[in-house]
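**Student:** Next comes coords-v2.txt, compact mmCIF, C-alpha atoms and all ligand atoms:
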# COMPACT_ATOMS: atom_id res chain seq x y z
CA MET A 1 99.77 82.25 139.02
CA GLY A 2 96.26 82.55 137.60
CA LYS A 3 95.75 85.49 135.30
CA LYS A 4 93.37 88.42 135.54
CA VAL A 5 91.44 89.16 132.37
CA LEU A 6 89.41 92.28 131.60
CA ILE A 7 86.76 92.20 128.87
CA VAL A 8 85.58 95.55 127.51
CA GLY A 9 81.94 95.83 126.42
CA SER A 10 78.40 95.01 127.49
CA GLY A 11 76.78 92.87 124.80
CA GLY A 12 76.06 89.23 124.14
CA ARG A 13 79.49 88.90 122.56
CA GLU A 14 81.18 90.03 125.78
CA HIS A 15 79.03 87.68 127.89
CA ALA A 16 80.10 84.81 125.61
CA LEU A 17 83.80 85.80 125.84
CA ALA A 18 83.58 86.08 129.64
CA TRP A 19 81.76 82.73 129.90
CA LYS A 20 84.48 81.02 127.89
CA LEU A 21 87.46 82.78 129.54
CA ALA A 22 86.10 81.98 133.01
CA ARG A 23 86.43 78.27 132.12
CA SER A 24 90.15 78.57 131.44
CA SER A 25 92.42 76.96 134.01
CA ASP A 26 94.91 79.82 133.47
CA VAL A 27 92.36 82.49 134.39
CA ALA A 28 91.93 83.34 138.06
CA ARG A 29 89.60 86.32 137.65
CA VAL A 30 87.40 87.77 134.96
CA TYR A 31 86.21 91.38 134.88
CA VAL A 32 83.73 92.86 132.39
CA ALA A 33 83.47 96.62 131.90
CA PRO A 34 80.65 97.52 132.09
CA GLY A 35 78.97 94.13 131.38
CA ASN A 36 75.25 93.42 131.72
CA ALA A 37 72.84 91.53 133.98
CA GLY A 38 74.19 88.22 132.68
CA THR A 39 77.68 88.95 134.02
CA PRO A 40 76.98 90.45 137.50
CA GLN A 41 79.77 88.61 139.32
CA TRP A 42 82.35 90.11 136.93
CA ASN A 43 81.06 93.64 136.31
CA VAL A 44 83.09 96.81 136.77
CA PRO A 45 81.18 100.10 136.35
CA ILE A 46 83.40 101.65 133.65
CA GLN A 47 81.98 102.40 130.20
CA ALA A 48 83.57 100.76 127.14
CA ASN A 49 84.56 104.13 125.64
CA ASP A 50 86.12 105.49 128.85
CA ILE A 51 89.64 104.62 127.77
CA SER A 52 91.49 106.51 130.51
CA GLY A 53 89.19 104.96 133.13
CA LEU A 54 89.89 101.50 131.75
CA VAL A 55 93.66 102.10 131.65
CA ARG A 56 93.57 103.27 135.27
CA PHE A 57 91.57 100.21 136.34
CA ALA A 58 93.84 97.80 134.46
CA LYS A 59 96.90 99.31 136.16
CA GLU A 60 95.40 99.34 139.64
CA GLU A 61 94.11 95.76 139.40
CA GLU A 62 97.24 94.54 137.58
CA ILE A 63 95.19 93.06 134.76
CA ASP A 64 97.25 90.57 132.73
CA LEU A 65 95.21 90.68 129.53
CA THR A 66 92.47 92.99 128.24
CA VAL A 67 90.14 91.81 125.46
CA VAL A 68 88.19 94.50 123.60
CA GLY A 69 84.72 93.60 122.29
CA PRO A 70 83.16 96.57 120.46
CA GLU A 71 84.42 98.56 117.48
CA GLU A 72 84.06 101.99 119.06
CA PRO A 73 86.85 101.82 121.67
CA LEU A 74 89.06 100.14 119.04
CA SER A 75 88.47 102.99 116.61
CA LEU A 76 89.18 105.46 119.44
CA GLY A 77 92.61 103.88 119.98
CA ILE A 78 92.13 101.84 123.18
CA VAL A 79 94.81 99.37 122.08
CA ASP A 80 97.33 102.16 121.47
CA SER A 81 96.61 103.65 124.92
CA PHE A 82 96.98 100.31 126.73
CA THR A 83 100.17 99.45 124.85
CA GLU A 84 101.73 102.85 125.61
CA GLN A 85 101.14 102.11 129.31
CA GLY A 86 102.78 98.70 129.06
CA LEU A 87 99.45 96.87 129.38
CA ARG A 88 98.81 93.70 127.37
CA VAL A 89 95.72 93.95 125.17
CA PHE A 90 94.11 91.80 122.48
CA GLY A 91 92.81 93.85 119.54
CA PRO A 92 93.97 96.00 116.62
CA THR A 93 95.51 99.47 116.94
CA LYS A 94 93.47 102.49 115.89
CA ALA A 95 95.24 102.50 112.52
CA ALA A 96 94.60 98.79 111.90
CA ALA A 97 90.97 99.08 113.07
CA GLN A 98 90.33 101.36 110.07
CA LEU A 99 89.61 98.13 108.21
CA GLU A 100 86.25 98.47 109.96
CA SER A 101 85.99 102.13 110.94
CA SER A 102 86.42 103.41 107.38
CA LYS A 103 84.82 101.51 104.54
CA ALA A 104 86.85 103.65 102.09
CA PHE A 105 90.10 102.55 103.80
CA ALA A 106 88.97 98.91 103.70
CA LYS A 107 88.20 99.13 99.99
CA MET A 108 91.61 100.69 99.33
CA ILE A 109 93.34 97.79 101.13
CA MET A 110 91.18 95.27 99.24
CA ASP A 111 92.22 96.89 95.96
CA GLU A 112 95.91 96.77 96.85
CA ALA A 113 95.65 93.18 98.05
CA LYS A 114 93.65 92.30 94.91
CA VAL A 115 90.90 90.85 97.09
CA PRO A 116 87.65 90.01 95.29
CA THR A 117 84.90 92.44 96.36
CA ALA A 118 81.98 94.39 94.89
CA SER A 119 83.00 97.20 92.53
CA TRP A 120 82.55 100.55 94.24
CA GLU A 121 82.94 104.34 94.27
CA VAL A 122 83.13 106.82 97.13
CA PHE A 123 81.22 110.16 97.12
CA GLU A 124 81.14 113.31 99.19
CA GLU A 125 78.38 115.03 97.24
CA ALA A 126 74.77 114.00 96.71
CA ALA A 127 74.53 115.16 93.09
CA LEU A 128 77.50 113.07 91.93
CA ALA A 129 76.29 110.08 93.94
CA LYS A 130 72.88 110.24 92.30
CA GLU A 131 74.42 110.52 88.85
CA TYR A 132 76.41 107.35 89.60
CA VAL A 133 73.33 105.50 90.88
CA ARG A 134 71.51 106.33 87.64
CA LYS A 135 74.52 105.11 85.67
CA ILE A 136 74.99 101.71 87.40
CA GLY A 137 71.25 101.16 87.99
CA VAL A 138 69.63 98.91 90.59
CA PRO A 139 69.95 96.79 92.59
CA CYS A 140 72.85 98.60 94.23
CA VAL A 141 74.12 99.03 97.78
CA LEU A 142 74.67 102.33 99.61
CA LYS A 143 76.85 102.51 102.69
CA ALA A 144 77.69 105.30 105.12
CA ASP A 145 81.49 105.37 105.32
CA GLY A 146 81.93 105.29 109.11
CA LEU A 147 80.63 103.20 112.02
CA ALA A 148 76.84 102.87 112.21
CA ALA A 149 76.28 99.73 114.32
CA GLY A 150 75.55 97.58 111.28
CA LYS A 151 72.66 99.83 110.28
CA GLY A 152 74.32 102.24 107.82
CA VAL A 153 73.78 100.00 104.80
CA ILE A 154 70.88 100.24 102.36
CA VAL A 155 70.35 97.52 99.78
CA ALA A 156 68.28 99.34 97.14
CA MET A 157 66.19 97.18 94.82
CA ASP A 158 64.57 100.17 93.04
CA LEU A 159 65.82 103.57 91.89
CA ASP A 160 63.66 105.67 94.24
CA THR A 161 64.98 103.82 97.29
CA ALA A 162 68.55 104.35 96.07
CA LEU A 163 68.09 108.07 95.41
CA ASP A 164 66.28 108.57 98.75
CA ALA A 165 69.12 106.74 100.51
CA VAL A 166 71.65 109.19 99.05
CA ASP A 167 69.70 112.10 100.58
CA GLU A 168 69.17 110.25 103.84
CA ILE A 169 72.87 109.54 104.31
CA PHE A 170 74.02 113.06 103.36
CA ASP A 171 71.25 114.61 105.49
CA GLY A 172 72.89 113.01 108.49
CA ALA A 173 70.70 109.95 109.20
CA PHE A 174 73.89 108.18 110.35
CA GLY A 175 75.61 111.25 111.81
CA ASP A 176 79.29 111.69 111.04
CA ALA A 177 79.41 108.14 109.66
CA GLY A 178 77.59 109.54 106.62
CA LYS A 179 80.02 112.30 105.60
CA LYS A 180 81.19 109.98 102.85
CA LEU A 181 79.05 107.54 100.95
CA ILE A 182 80.12 104.32 99.25
CA ILE A 183 78.02 102.99 96.42
CA GLU A 184 78.70 99.44 95.37
CA GLU A 185 77.66 96.62 93.15
CA TYR A 186 74.97 94.30 94.52
CA LEU A 187 76.23 90.77 95.18
CA GLU A 188 74.05 87.70 95.29
CA GLY A 189 74.66 84.50 97.19
CA GLN A 190 74.87 83.09 100.69
CA GLU A 191 76.55 85.18 103.36
CA VAL A 192 79.15 83.70 105.69
CA SER A 193 81.08 85.33 108.54
CA LEU A 194 84.64 84.08 108.79
CA LEU A 195 86.44 85.35 111.88
CA CYS A 196 90.20 84.86 112.16
CA PHE A 197 92.52 85.07 115.13
CA CYS A 198 95.49 87.21 114.02
CA ASP A 199 98.86 87.92 115.63
CA GLY A 200 100.06 90.41 113.00
CA LYS A 201 101.71 87.66 111.01
CA THR A 202 99.70 84.42 111.26
CA ALA A 203 95.93 84.09 110.83
CA TYR A 204 93.84 81.13 112.04
CA PRO A 205 90.29 80.85 110.76
CA MET A 206 87.64 80.19 113.38
CA THR A 207 84.75 77.92 112.57
CA PRO A 208 82.45 79.60 109.97
CA VAL A 209 79.13 81.15 110.95
CA GLN A 210 76.02 82.31 109.14
CA ASP A 211 74.34 85.42 110.58
CA HIS A 212 70.81 86.64 109.86
CA LYS A 213 71.07 90.39 109.35
CA ARG A 214 67.51 91.35 108.50
CA ALA A 215 64.94 91.98 111.20
CA LEU A 216 62.24 89.63 109.87
CA ASP A 217 61.87 86.04 108.70
CA ASN A 218 62.94 85.20 105.12
CA ASP A 219 65.48 88.03 105.19
CA GLN A 220 62.83 90.74 105.08
CA GLY A 221 62.78 94.07 106.90
CA LEU A 222 65.58 96.37 107.99
CA ASN A 223 69.24 95.48 108.48
CA THR A 224 70.14 94.90 112.14
CA GLY A 225 73.30 94.08 114.07
CA GLY A 226 72.32 90.41 113.63
CA MET A 227 69.18 88.48 114.66
CA GLY A 228 70.72 85.04 115.06
CA THR A 229 73.48 82.71 113.96
CA TYR A 230 74.28 79.07 113.39
CA SER A 231 77.51 77.19 112.85
CA PRO A 232 78.83 75.65 110.73
CA PRO A 233 76.93 76.50 107.52
CA PRO A 234 77.01 73.56 105.06
CA VAL A 235 77.80 75.87 102.09
CA TRP A 236 81.25 76.24 103.66
CA THR A 237 83.79 73.62 102.56
CA THR A 238 87.51 73.20 103.14
CA GLU A 239 88.03 74.25 99.48
CA VAL A 240 86.20 77.53 100.10
CA GLU A 241 88.17 78.05 103.28
CA ASP A 242 91.50 77.47 101.58
CA LEU A 243 90.55 79.88 98.81
CA VAL A 244 89.42 82.56 101.27
CA MET A 245 92.60 82.26 103.34
CA LYS A 246 94.84 82.34 100.26
CA GLU A 247 93.08 85.03 98.23
CA ILE A 248 91.56 87.22 100.92
CA VAL A 249 92.87 86.89 104.48
CA ASP A 250 96.59 86.33 103.86
CA PRO A 251 96.98 89.07 101.20
CA THR A 252 95.03 91.55 103.37
CA LEU A 253 97.29 90.90 106.35
CA ARG A 254 100.38 91.12 104.14
CA ILE A 255 99.39 94.55 102.77
CA MET A 256 98.64 95.78 106.28
CA ARG A 257 102.06 94.60 107.42
CA GLU A 258 103.76 96.21 104.43
CA LYS A 259 102.05 99.49 105.28
CA GLY A 260 103.48 99.32 108.79
CA ILE A 261 100.08 98.65 110.39
CA PRO A 262 100.15 94.94 111.25
CA PHE A 263 96.76 93.57 112.27
CA THR A 264 96.49 91.86 115.65
CA GLY A 265 93.13 90.78 117.03
CA VAL A 266 90.14 89.36 115.22
CA LEU A 267 89.78 89.98 111.52
CA PHE A 268 86.12 89.32 110.75
CA VAL A 269 85.55 88.84 107.04
CA GLY A 270 81.95 89.27 105.91
CA LEU A 271 81.72 87.17 102.75
CA MET A 272 79.23 86.64 99.98
CA LEU A 273 79.62 83.24 98.33
CA THR A 274 78.68 84.24 94.77
CA ASN A 275 78.65 81.90 91.79
CA THR A 276 81.89 83.51 90.67
CA GLY A 277 83.55 82.77 94.03
CA PRO A 278 83.72 84.28 97.52
CA LYS A 279 83.74 88.09 97.68
CA VAL A 280 84.26 90.42 100.63
CA LEU A 281 81.22 92.41 101.77
CA GLU A 282 83.05 94.06 104.64
CA TYR A 283 85.77 93.71 107.22
CA ASN A 284 85.21 94.06 110.92
CA ALA A 285 88.12 94.44 113.31
CA ARG A 286 86.61 92.49 116.23
CA PHE A 287 84.57 89.49 117.29
CA GLY A 288 81.06 89.42 115.77
CA ASP A 289 77.83 89.64 117.69
CA PRO A 290 75.98 87.19 117.61
CA GLU A 291 78.70 85.16 115.82
CA THR A 292 80.77 84.90 119.01
CA GLN A 293 77.96 83.18 120.92
CA VAL A 294 77.98 80.11 118.63
CA ILE A 295 81.76 80.23 118.17
CA MET A 296 82.42 80.13 121.92
CA ILE A 297 80.04 77.25 122.59
CA ARG A 298 81.77 75.24 119.81
CA LEU A 299 85.35 76.16 120.73
CA GLU A 300 86.97 73.24 122.52
CA SER A 301 90.42 74.77 123.00
CA ASP A 302 91.31 77.18 125.74
CA LEU A 303 90.47 80.71 124.57
CA PHE A 304 92.90 82.38 126.96
CA SER A 305 95.91 80.53 125.49
CA ILE A 306 94.91 81.53 121.97
CA LEU A 307 94.49 85.22 122.79
CA TRP A 308 97.69 85.25 124.85
CA ALA A 309 99.60 83.64 121.98
CA CYS A 310 98.30 86.34 119.62
CA THR A 311 99.69 89.08 121.88
CA GLU A 312 103.04 87.22 121.94
CA ARG A 313 102.98 86.89 118.11
CA LYS A 314 103.11 83.11 118.60
CA LEU A 315 99.73 82.05 117.27
CA ASP A 316 101.44 79.31 115.26
CA THR A 317 102.36 77.52 118.51
CA VAL A 318 98.77 76.84 119.66
CA ALA A 319 96.14 74.42 118.37
CA VAL A 320 92.54 75.54 117.86
CA GLU A 321 89.98 72.72 118.09
CA TRP A 322 86.24 72.82 117.41
CA SER A 323 83.38 70.61 118.52
CA ASN A 324 81.75 68.53 115.77
CA GLU A 325 78.37 69.50 117.17
CA LYS A 326 76.26 72.24 115.59
CA ALA A 327 75.19 75.42 117.36
CA VAL A 328 72.35 77.91 116.99
CA CYS A 329 71.84 81.32 118.62
CA VAL A 330 68.42 82.98 118.44
CA VAL A 331 68.41 86.67 119.34
CA MET A 332 65.43 87.89 121.34
CA ALA A 333 65.08 91.63 120.76
CA ALA A 334 62.94 94.38 122.19
CA PRO A 335 59.67 95.12 120.35
CA GLY A 336 60.44 97.75 117.69
CA TYR A 337 64.12 96.87 117.19
CA PRO A 338 66.04 97.97 115.05
CA ALA A 339 63.92 101.17 115.01
CA SER A 340 63.01 102.82 118.32
CA TYR A 341 62.14 100.19 120.89
CA LYS A 342 60.69 99.72 124.34
CA LYS A 343 62.90 99.30 127.43
CA GLY A 344 62.32 98.06 130.96
CA ILE A 345 60.39 94.91 130.03
CA PRO A 346 60.58 92.30 132.83
CA ILE A 347 62.30 89.06 131.81
CA ASN A 348 62.54 85.61 133.31
CA VAL A 349 65.09 83.06 132.15
CA PRO A 350 64.50 79.39 133.12
CA SER A 351 67.24 77.04 134.29
CA LEU A 352 69.13 75.34 131.48
CA ALA A 353 70.75 72.02 130.66
CA GLN A 354 74.29 71.34 129.45
CA ASN A 355 75.17 72.87 126.07
CA GLU A 356 72.49 75.50 126.52
CA VAL A 357 73.37 79.10 127.41
CA VAL A 358 71.32 82.27 127.37
CA PHE A 359 73.82 85.03 126.73
CA HIS A 360 72.61 88.42 127.92
CA ALA A 361 72.98 91.62 125.86
CA GLY A 362 70.66 94.54 126.66
CA THR A 363 69.69 93.52 130.18
CA THR A 364 69.92 95.19 133.57
CA VAL A 365 68.54 94.79 137.08
CA GLN A 366 65.92 97.28 138.30
CA ASN A 367 64.36 96.97 141.77
CA ASP A 368 65.70 93.41 142.02
CA ARG A 369 64.07 92.44 138.70
CA LEU A 370 65.76 91.45 135.46
CA VAL A 371 64.57 93.87 132.76
CA SER A 372 65.46 94.71 129.16
CA SER A 373 67.64 97.77 128.57
CA GLY A 374 68.63 97.52 124.91
CA GLY A 375 67.62 96.49 121.40
CA ARG A 376 69.09 93.02 121.25
CA VAL A 377 68.33 91.57 124.67
CA LEU A 378 69.16 87.84 124.83
CA GLY A 379 71.11 85.37 122.65
CA VAL A 380 69.55 81.96 123.24
CA THR A 381 72.28 79.49 122.33
CA ALA A 382 72.21 75.69 122.10
CA MET A 383 74.52 73.00 120.76
CA ALA A 384 73.53 69.48 119.65
CA PRO A 385 74.83 66.68 117.40
CA ASP A 386 72.85 68.00 114.43
CA LEU A 387 71.40 71.31 113.34
CA VAL A 388 67.75 70.20 113.53
CA GLU A 389 68.20 69.32 117.17
CA ALA A 390 70.22 72.45 117.96
CA ARG A 391 67.42 74.58 116.47
CA GLN A 392 64.78 72.66 118.41
CA LYS A 393 66.65 73.11 121.66
CA ALA A 394 67.20 76.84 121.12
CA TYR A 395 63.55 77.49 120.20
CA GLU A 396 62.31 75.43 123.15
CA ILE A 397 64.30 77.66 125.47
CA VAL A 398 62.91 80.75 123.68
CA LYS A 399 59.40 79.43 124.44
CA ARG A 400 60.24 78.95 128.10
CA ILE A 401 61.65 82.47 128.50
CA SER A 402 59.18 85.01 129.78
CA PHE A 403 59.79 88.26 127.84
CA PRO A 404 56.49 89.87 126.79
CA GLU A 405 56.36 91.18 123.21
CA ALA A 406 59.88 89.92 122.45
CA HIS A 407 60.77 90.03 118.78
CA PHE A 408 62.73 87.12 117.30
CA ARG A 409 63.06 85.37 113.97
CA THR A 410 61.65 81.86 113.67
CA ASP A 411 63.92 80.80 110.80
CA ILE A 412 67.41 80.96 112.31
CA GLY A 413 69.49 78.12 110.85
CA LEU A 414 66.86 77.01 108.31
CA LYS A 415 69.26 77.84 105.43
CA GLY A 416 71.55 75.15 106.77
CA LEU A 417 69.00 72.33 106.48
P1 LIG B 501 77.88 95.45 105.83
O1 LIG B 501 77.65 96.22 107.12
O2 LIG B 501 78.73 96.13 104.84
O3 LIG B 501 78.20 94.00 106.06
O4 LIG B 501 76.42 95.34 105.21
C1 LIG B 501 75.32 94.84 105.96
C2 LIG B 501 74.56 93.83 105.15
O5 LIG B 501 74.12 94.41 103.91
C3 LIG B 501 75.41 92.65 104.72
O6 LIG B 501 75.50 91.71 105.73
C4 LIG B 501 74.64 92.17 103.51
O7 LIG B 501 73.51 91.41 103.88
C5 LIG B 501 74.18 93.45 102.87
N1 LIG B 501 75.16 93.88 101.87
C6 LIG B 501 76.25 94.66 102.06
N2 LIG B 501 76.93 94.84 100.91
C7 LIG B 501 76.27 94.16 99.96
C8 LIG B 501 76.48 93.95 98.56
N3 LIG B 501 77.49 94.52 97.90
N4 LIG B 501 75.59 93.17 97.90
C9 LIG B 501 74.54 92.61 98.55
N5 LIG B 501 74.28 92.78 99.86
C10 LIG B 501 75.13 93.54 100.57
N1 LIG B 502 76.86 90.17 113.44
C1 LIG B 502 77.59 91.07 112.64
C2 LIG B 502 78.54 91.91 113.36
O1 LIG B 502 78.95 91.63 114.47
O2 LIG B 502 78.95 92.91 112.80
Let me see whether you can do it: turn the structure in this file into structure tokens.
**Tutor:**
Amino acid sequence: MGKKVLIVGSGGREHALAWKLARSSDVARVYVAPGNAGTPQWNVPIQANDISGLVRFAKEEEIDLTVVGPEEPLSLGIVDSFTEQGLRVFGPTKAAAQLESSKAFAKMIMDEAKVPTASWEVFEEAALAKEYVRKIGVPCVLKADGLAAGKGVIVAMDLDTALDAVDEIFDGAFGDAGKKLIIEEYLEGQEVSLLCFCDGKTAYPMTPVQDHKRALDNDQGLNTGGMGTYSPPPVWTTEVEDLVMKEIVDPTLRIMREKGIPFTGVLFVGLMLTNTGPKVLEYNARFGDPETQVIMIRLESDLFSILWACTERKLDTVAVEWSNEKAVCVVMAAPGYPASYKKGIPINVPSLAQNEVVFHAGTTVQNDRLVSSGGRVLGVTAMAPDLVEARQKAYEIVKRISFPEAHFRTDIGLKGL
């Protein structure tokens, strides 16, 4: 019998997961909680952090598999709650999700697994942190320890910025996430996101992706959750992949297993390809956004079978195939993002051809009109035989979308040319 799948979350990532899962011949019904205006036929009005509400719904509807998108419910223990109730869920436990929810925990695991990463120290006091900044000098990188939606990181190129960032983080600019502060060595190189399907034992790398974290063209402006992606980046080779799997992913999963906290779900490794080799910038314990948009359009295999196999600890029995075509996702954001931004802007999305999808993120329907309701609003995604064409297609759709004052980068994918 066809399966019922519940996706938790409301972003572009969740729209992309729902879009792909709905195409699976094993899936009879998709639900998204709470979803957005791009997923109306699937939406269930339960918030992503309402774990008891989600458990109740999954039991009542006899959901066969739940897939968790965002980090917050994972760090609150949604997987533990579902498992205790005998419900099948794809994602890491609360303990395993600490790879993302605590940067100090992640660094400790990296040390034990001897994973190459930036040198670092953790501080709970501004005075000691400042002393350390003066000692190591700039550039350096300051990170709030906890979850801050990709925004709790300051790359300081001068001393004043670094010292101000110490005060900012300890003064609560990132709330509880900033109770501890990590200061680390600045790494130079190209960034690549490598996401891996994990069943606790086996890890399969997905196709590599390059994200664009800064708000403005040429990597200027503030850090964001991600302004656009393309896949695959040409800096990635099979040699790099083999090295990353052998020196980073496999040892990390082995240490987690040895500690009694096996990792199931998506291990997202944020990498810097430096001239002394790949180094870990961060771990995330979930699918990336907007990485997932380009990954799903390029994934040829059935996503449901892969996720199901992970929950059965049988990932090594499925094949994961990728399209040879290239994909680009351009994020259209609200004016002002990532600082305070405008909401309620009317949007119109034109009809699209094959291999073109506009994934919704911060959208809703108001008085029968599609309007913006968040910072990152749309993920305009296109796939084509080469990157030049994929970029062209994506930007042509961007031009045809009516979204007054939308903010987007014009250089997504240029690094790959
Ligand atoms: P994170 O949330 O830790 O990935 O940091 C957000 C962004 O800050 C990364 O995607 C990088 O662009 C940048 N970043 C983080 N750590 C470093 C580092 N050690 N050196 C240089 N850039 C960094
Ligand atoms: N795009 C980066 C992230 O999902 O964290």
**Student:** Considering only C-alpha atoms and all ligand atoms, state which residue in the set A:Arg286, A:Arg23, A:Lys3, A:Lys143 is at the smallest distance from ligand LIG 502 (chain B).
**Tutor:**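 For ligand LIG 502 (chain B), the nearest of the candidates is A:Arg286.
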**Student:** Kindly assemble as JSON lines a list of the segment 242-357 of chain A residues that lie within 8 Å of segment 13-19 of chain A, each paired with its nearest atom pair and their distance in Å to one decimal, using only C-alpha atoms, sorted first by chain and then by ascending residue number.
**Tutor:**
{"residue": "A:Phe287", "atom": "CA", "partner": "A:Arg13", "partner_atom": "CA", "distance": 7.3}
{"residue": "A:Gly288", "atom": "CA", "partner": "A:Arg13", "partner_atom": "CA", "distance": 7.0}
{"residue": "A:Asp289", "atom": "CA", "partner": "A:Arg13", "partner_atom": "CA", "distance": 5.2}
{"residue": "A:Pro290", "atom": "CA", "partner": "A:Arg13", "partner_atom": "CA", "distance": 6.3}
{"residue": "A:Glu291", "atom": "CA", "partner": "A:Arg13", "partner_atom": "CA", "distance": 7.7}
{"residue": "A:Thr292", "atom": "CA", "partner": "A:Arg13", "partner_atom": "CA", "distance": 5.5}
{"residue": "A:Gln293", "atom": "CA", "partner": "A:Ala16", "partner_atom": "CA", "distance": 5.4}
{"residue": "A:Met296", "atom": "CA", "partner": "A:Ala16", "partner_atom": "CA", "distance": 6.4}
**Student:** Sort by chain and increasing residue number a table of all residues of chain A within 8 Å of ligand LIG 501 (chain B), each with its closest pair of atoms and their distance in Å to one decimal, counting only C-alpha atoms and all ligand atoms, and write it as a Markdown table.
**Tutor:**
| residue | atom | partner | partner_atom | distance |
| --- | --- | --- | --- | --- |
| A:Thr117 | CA | B:LIG501 | N3 | 7.8 |
| A:Ala118 | CA | B:LIG501 | N3 | 5.4 |
| A:Cys140 | CA | B:LIG501 | N4 | 7.1 |
| A:Val141 | CA | B:LIG501 | N3 | 5.6 |
| A:Leu142 | CA | B:LIG501 | N2 | 7.9 |
| A:Lys143 | CA | B:LIG501 | O2 | 7.0 |
| A:Gly150 | CA | B:LIG501 | O1 | 4.9 |
| A:Lys151 | CA | B:LIG501 | O1 | 6.9 |
| A:Gly152 | CA | B:LIG501 | O1 | 6.9 |
| A:Val153 | CA | B:LIG501 | O4 | 5.4 |
| A:Ile154 | CA | B:LIG501 | O5 | 6.8 |
| A:Val155 | CA | B:LIG501 | N5 | 6.2 |
| A:Glu184 | CA | B:LIG501 | N3 | 5.7 |
| A:Glu185 | CA | B:LIG501 | N3 | 5.2 |
| A:Tyr186 | CA | B:LIG501 | N4 | 3.6 |
| A:Leu187 | CA | B:LIG501 | N4 | 3.7 |
| A:Glu188 | CA | B:LIG501 | C9 | 5.9 |
| A:Glu191 | CA | B:LIG501 | O7 | 7.0 |
| A:Lys213 | CA | B:LIG501 | O6 | 5.9 |
| A:Arg214 | CA | B:LIG501 | O7 | 7.6 |
| A:Asn223 | CA | B:LIG501 | C2 | 6.5 |
| A:Gly270 | CA | B:LIG501 | O3 | 6.0 |
| A:Met272 | CA | B:LIG501 | C9 | 7.7 |
| A:Leu281 | CA | B:LIG501 | N2 | 5.0 |
| A:Glu282 | CA | B:LIG501 | O2 | 4.8 |
| A:Tyr283 | CA | B:LIG501 | O3 | 7.7 |
**Student:** To one decimal in Å, tell me the separation between atom CA of Asp211 of chain A and atom CA of Leu99 of chain A.
**Tutor:**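 So the answer is 20.0 Å.
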**Student:** Name all residues at most 12 Å from Ala58 of chain A (count all atoms listed in the file; drop same-chain ones fewer than 5 positions away) and give them as a ChimeraX atom specification.
**Tutor:** /A:4-8,30-33,44,46,51-53,63-67,81-83,85-89
**Student:** Smallest atom-to-atom distance to ligand LIG 502 (chain B): which of A:Ile255, A:Val357, A:Ala285, A:Ala106, using only C-alpha atoms and all ligand atoms?
**Tutor:**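 Using only C-alpha atoms and all ligand atoms, ligand LIG 502 (chain B) sits closest to A:Ala285.
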**Student:** What gap, in Å, lies between atom CA of Gly77 of chain A and atom CA of Pro34 of chain A?
**Tutor:**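 Distance reported for this atom pair: 18.2 Å.
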**Student:** Would you pick out the contacts of segment 402-410 of chain A at 12 Å or less, using only C-alpha atoms, so that residues sharing its chain but fewer than 6 positions from it are not included, and give the list as a compact mmCIF listing (two decimals) with C-alpha atoms, keeping the file's coordinate frame?
**Tutor:**
# COMPACT_ATOMS: atom_id res chain seq x y z
CA ASP A 211 74.34 85.42 110.58
CA HIS A 212 70.81 86.64 109.86
CA LYS A 213 71.07 90.39 109.35
CA ARG A 214 67.51 91.35 108.50
CA ALA A 215 64.94 91.98 111.20
CA LEU A 216 62.24 89.63 109.87
CA ASP A 217 61.87 86.04 108.70
CA ASN A 218 62.94 85.20 105.12
CA ASP A 219 65.48 88.03 105.19
CA GLN A 220 62.83 90.74 105.08
CA GLY A 221 62.78 94.07 106.90
CA THR A 224 70.14 94.90 112.14
CA GLY A 226 72.32 90.41 113.63
CA MET A 227 69.18 88.48 114.66
CA GLY A 228 70.72 85.04 115.06
CA THR A 229 73.48 82.71 113.96
CA VAL A 328 72.35 77.91 116.99
CA CYS A 329 71.84 81.32 118.62
CA VAL A 330 68.42 82.98 118.44
CA VAL A 331 68.41 86.67 119.34
CA MET A 332 65.43 87.89 121.34
CA ALA A 333 65.08 91.63 120.76
CA ALA A 334 62.94 94.38 122.19
CA PRO A 335 59.67 95.12 120.35
CA GLY A 336 60.44 97.75 117.69
CA TYR A 337 64.12 96.87 117.19
CA PRO A 338 66.04 97.97 115.05
CA TYR A 341 62.14 100.19 120.89
CA LYS A 342 60.69 99.72 124.34
CA LYS A 343 62.90 99.30 127.43
CA GLY A 344 62.32 98.06 130.96
CA ILE A 345 60.39 94.91 130.03
CA PRO A 346 60.58 92.30 132.83
CA ILE A 347 62.30 89.06 131.81
CA ASN A 348 62.54 85.61 133.31
CA VAL A 349 65.09 83.06 132.15
CA PRO A 350 64.50 79.39 133.12
CA THR A 363 69.69 93.52 130.18
CA LEU A 370 65.76 91.45 135.46
CA VAL A 371 64.57 93.87 132.76
CA SER A 372 65.46 94.71 129.16
CA GLY A 374 68.63 97.52 124.91
CA GLY A 375 67.62 96.49 121.40
CA ARG A 376 69.09 93.02 121.25
CA VAL A 377 68.33 91.57 124.67
CA LEU A 378 69.16 87.84 124.83
CA GLY A 379 71.11 85.37 122.65
CA VAL A 380 69.55 81.96 123.24
CA ARG A 391 67.42 74.58 116.47
CA GLN A 392 64.78 72.66 118.41
CA ALA A 394 67.20 76.84 121.12
CA TYR A 395 63.55 77.49 120.20
CA GLU A 396 62.31 75.43 123.15
**Student:** Quick one: distance from atom CA of Thr311 of chain A to atom CA of Thr264 of chain A in Å, one decimal?
**Tutor:**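 These two atoms are separated by 7.5 Å.
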**Student:** I need the residue nearest ligand LIG 502 (chain B) from this list: A:Trp322, A:Tyr230, A:Phe359, A:Trp308. Use all atoms listed in the file for the distance.
**Tutor:**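 Once distances to ligand LIG 502 (chain B) are computed over all atoms listed in the file, the minimum belongs to A:Tyr230.
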